[in-house]
Amino acid sequence: MAVAAENAQELMTGIVGADNVRESAVELDGVRAGCEVMPGSPEEAAAVLRLAAEHGLNVVPAGGMTKQGFGHVMPQIDVILSTRRLNNVIFCDPGDLTVGIGAGATIAQVQETLAAHGQFLPFSAMQPQRATIGGVLAANAHGPLKHFYGGVRDYCIGIEFATTDGKVVNGGGRVVKNVAGFDLMKLLIGSHGTLGVITSVNFKVFPAPRQTCTFVARFAELREAIEFRNRAMRSVLTPICVEILSPQAPEYLAAAAPARDPDTYAPASRVERRQEWRLCVRASGSDRVLQRYKTELACTEELSGEEEVKFWAGIADFEANVMARHHNAMILHLSTPANGVQRALEAAQRAALDNSCTAAIVGRVGVGALVVAVIPLAIGPPSAMHYVNAASAIRAALPKDASAIVARCPTEAKQHFEVWGSTPTDLEMMRRVRAAMDPKGTLNRGRFLV
C-alpha cells in the first residue's frame, strides 16, 4: 500500500530509531528528498528496504554523494538511505593482504587504516575524503591507477548487500581464491544502487609503493602523444599510471571557488591557444628503476614528492573540479580499446566545437578509459540538443565494442539520453536483471532504464 512521502519518516523510526531519521536536505535535479535514514547494520538496511517496498516508496542509496548527478530526473524521492553509519573496519589481515570494510567508510579512512601496515587500495577515486567504499563500487568508479591495478572488480573478493525483500545477501568471501557460486560481486559493481544496497566489501590489498616519480612529455599534436604511448607500452617498463591530458584539461586539475553563476562558460579564446597535449607516466620502484624510466622515456619534466601527489589528486578530482566551475558542463565516460583512443579523442574535440563547446579530457590512455568534459563556450548558451548531438557524435566515432556513458549533464538535457552499452542487448538485459532483483522498482525508481 502506497503512503504519502511525508509519512516515510515516521515509518522508518521504528527500525533505526528517531535519532537516525531526519528530514532530508538532499536535492537532486530540483527534486527534494522526503527523509534521510541511516541504518546502523545490514539487517536494519534490509528492513528499511522491505518496508519501503511494501509502501511503494522510492529509495535512493547514498554514500558520500559524489556520483548522485548520474541518471534521469526522478519525479519523487521519498527516502535517502545513507550508509554513513556502516563505516566500520570488519577485519584487516595484513599477512593475507585482505581487508573487510563497511560500505559507508570513506576512501581516505580505509587508506589511513592500511597505511599503518604499508598497504593500500589502488582506488585513486574522486574526492576520497567524501567518497565511500560502497559508492565507489556502486558507480564502478576508477582513477589513474586503473592502468596497472585494474578496476575495483579486479580486487573485490567479497560483497554483502541488502535487498528490497528484506534479505542480507553475501557473495564471494574473505580469501582471494574463492570461486564458489554465482559471481554476485560483478553484478552489484556498477549497478548504481538499482539492484540492492551494498553494506560491506572485502578486498585484496597491495603493498604501497615506497617511492614514485612522474615523467611528463608534451606534444603539439595528439598523434605524437599516442606514438609516445605506444613506445612506452611496447617497452619493458611497467608504469602504474599512463595518463593523457588534453590542452584544456590542466586548468581543471586544481579546485577553484565555485562560480557564482551556475551556468558559466569557457572563454571562446581558449580553443585558439597553442595545442599542447601531455602524456604523464608514473613509475614506482628503487632509485635504479626510476633512473631507467628517466633514460628510456627521455622526459625533461619530472614530478615527485608533494608536487606529484597533488598532481595525481587533481587528475582524480578532474570531474568534480569541472562541475564546481561549470554546472552546465556535460561529463562523458568513454571506454574504448587502446587502439581506438586517438579516434575517440579527436571525435570528442570535434563534436564539442561543432556544438558551441570545448572539450577538456583526461584518461587512462593505456587502457582506453577516458573522462570527457564538454564545456559550453561563451559565444552562446547551447540548447539541450547541442549536448545530445555532441554525445551522439562521440559515440558514433567509437568502435562497436566501446561504450559512452553520459555521467552528468544539465537537467534539461537528461530526458534525451538513455544508457549506451557495448551491444544492442545490454539495455534489455539490465531491465530483466532489475525486474528480478527489485521487482517493485523501489531503488532509484525513474533514474535509469526509462
# chains A, B, ... in the order shown; residues from 1 in each chain; ligands from 1
call {"tool": "closest_atom_pairs", "arguments": {"of": "range 227-336 of chain A", "to": "range 206-222 of chain A", "cutoff": "9 Å", "atoms": "only C-alpha atoms", "output": "tab-separated table"}}
result
residue	atom	partner	partner_atom	distance
A:Glu227	CA	A:Leu222	CA	8.7
A:Phe228	CA	A:Ala217	CA	8.5
A:Cys241	CA	A:Thr214	CA	8.8
A:Ser246	CA	A:Leu222	CA	8.5
A:Arg274	CA	A:Ala220	CA	7.8
A:Gln275	CA	A:Ala220	CA	5.7
A:Glu276	CA	A:Ala220	CA	4.8
A:Trp277	CA	A:Phe219	CA	5.1
A:Arg278	CA	A:Arg218	CA	4.6
A:Leu279	CA	A:Ala217	CA	5.3
A:Cys280	CA	A:Val216	CA	4.5
A:Val281	CA	A:Phe215	CA	5.2
A:Arg282	CA	A:Thr214	CA	4.2
A:Ala283	CA	A:Thr212	CA	5.5
A:Ser284	CA	A:Thr212	CA	4.3
A:Gly285	CA	A:Gln211	CA	6.2
A:Ser286	CA	A:Gln211	CA	7.3
A:Asp287	CA	A:Gln211	CA	8.6
A:Leu290	CA	A:Cys213	CA	7.0
A:Tyr293	CA	A:Phe215	CA	8.2
A:Lys294	CA	A:Phe215	CA	7.4
A:Leu297	CA	A:Phe215	CA	7.8
A:Ala298	CA	A:Ala217	CA	8.6
A:Cys299	CA	A:Ala217	CA	5.7
A:Thr300	CA	A:Val216	CA	7.5
A:Glu301	CA	A:Val216	CA	5.3
A:Glu302	CA	A:Phe215	CA	4.7
A:Leu303	CA	A:Thr214	CA	5.0
A:Ser304	CA	A:Cys213	CA	5.0
A:Gly305	CA	A:Cys213	CA	7.9
A:Glu308	CA	A:Thr214	CA	6.8
call {"tool": "select_by_dssp", "arguments": {"residues": "range 319-392 of chain A", "states": "alpha helix (DSSP H)", "output": "ChimeraX atom specification"}}
result
/A:319-325,341-354,384-392
call {"tool": "closest_residue", "arguments": {"among": "A:Cys92, A:Val169, A:Val59, A:Leu398", "to": "Gly193 in chain A", "atoms": "only C-alpha atoms"}}
result
A:Val59
call {"tool": "select_by_dssp", "arguments": {"residues": "range 38-164 of chain A", "states": "strand (DSSP E)", "output": "PyMOL selection string"}}
result
chain A and resi 59-62+79-82+89-93+98-102+119-120+156-162
call {"tool": "closest_atom_pairs", "arguments": {"of": "range 190-252 of chain A", "to": "range 41-53 of chain A", "cutoff": "12 Å", "atoms": "only C-alpha atoms", "output": "CSV"}}
result
residue,atom,partner,partner_atom,distance
A:Gly193,CA,A:Leu49,CA,12.0
A:Thr194,CA,A:Leu49,CA,11.9
A:Leu195,CA,A:Leu49,CA,11.3
A:Gly196,CA,A:Leu49,CA,8.9
A:Val197,CA,A:Ala45,CA,7.8
A:Ile198,CA,A:Pro42,CA,8.7
A:Thr199,CA,A:Pro42,CA,5.8
A:Ser200,CA,A:Pro42,CA,8.3
A:Val201,CA,A:Pro42,CA,11.9
call {"tool": "atom_distance", "arguments": {"atom1": "CA of Ile15 in chain A", "atom2": "CA of Leu81 in chain A"}}
result
12.6 Å
call {"tool": "closest_residue", "arguments": {"among": "A:Ala347, A:Thr336, A:Asp354, A:Pro144", "to": "Phe318 in chain A", "atoms": "only C-alpha atoms"}}
result
A:Pro144
call {"tool": "closest_residue", "arguments": {"among": "A:Ser124, A:Asn7, A:Ser383, A:Asn202", "to": "Thr98 in chain A", "atoms": "only C-alpha atoms"}}
result
A:Asn202
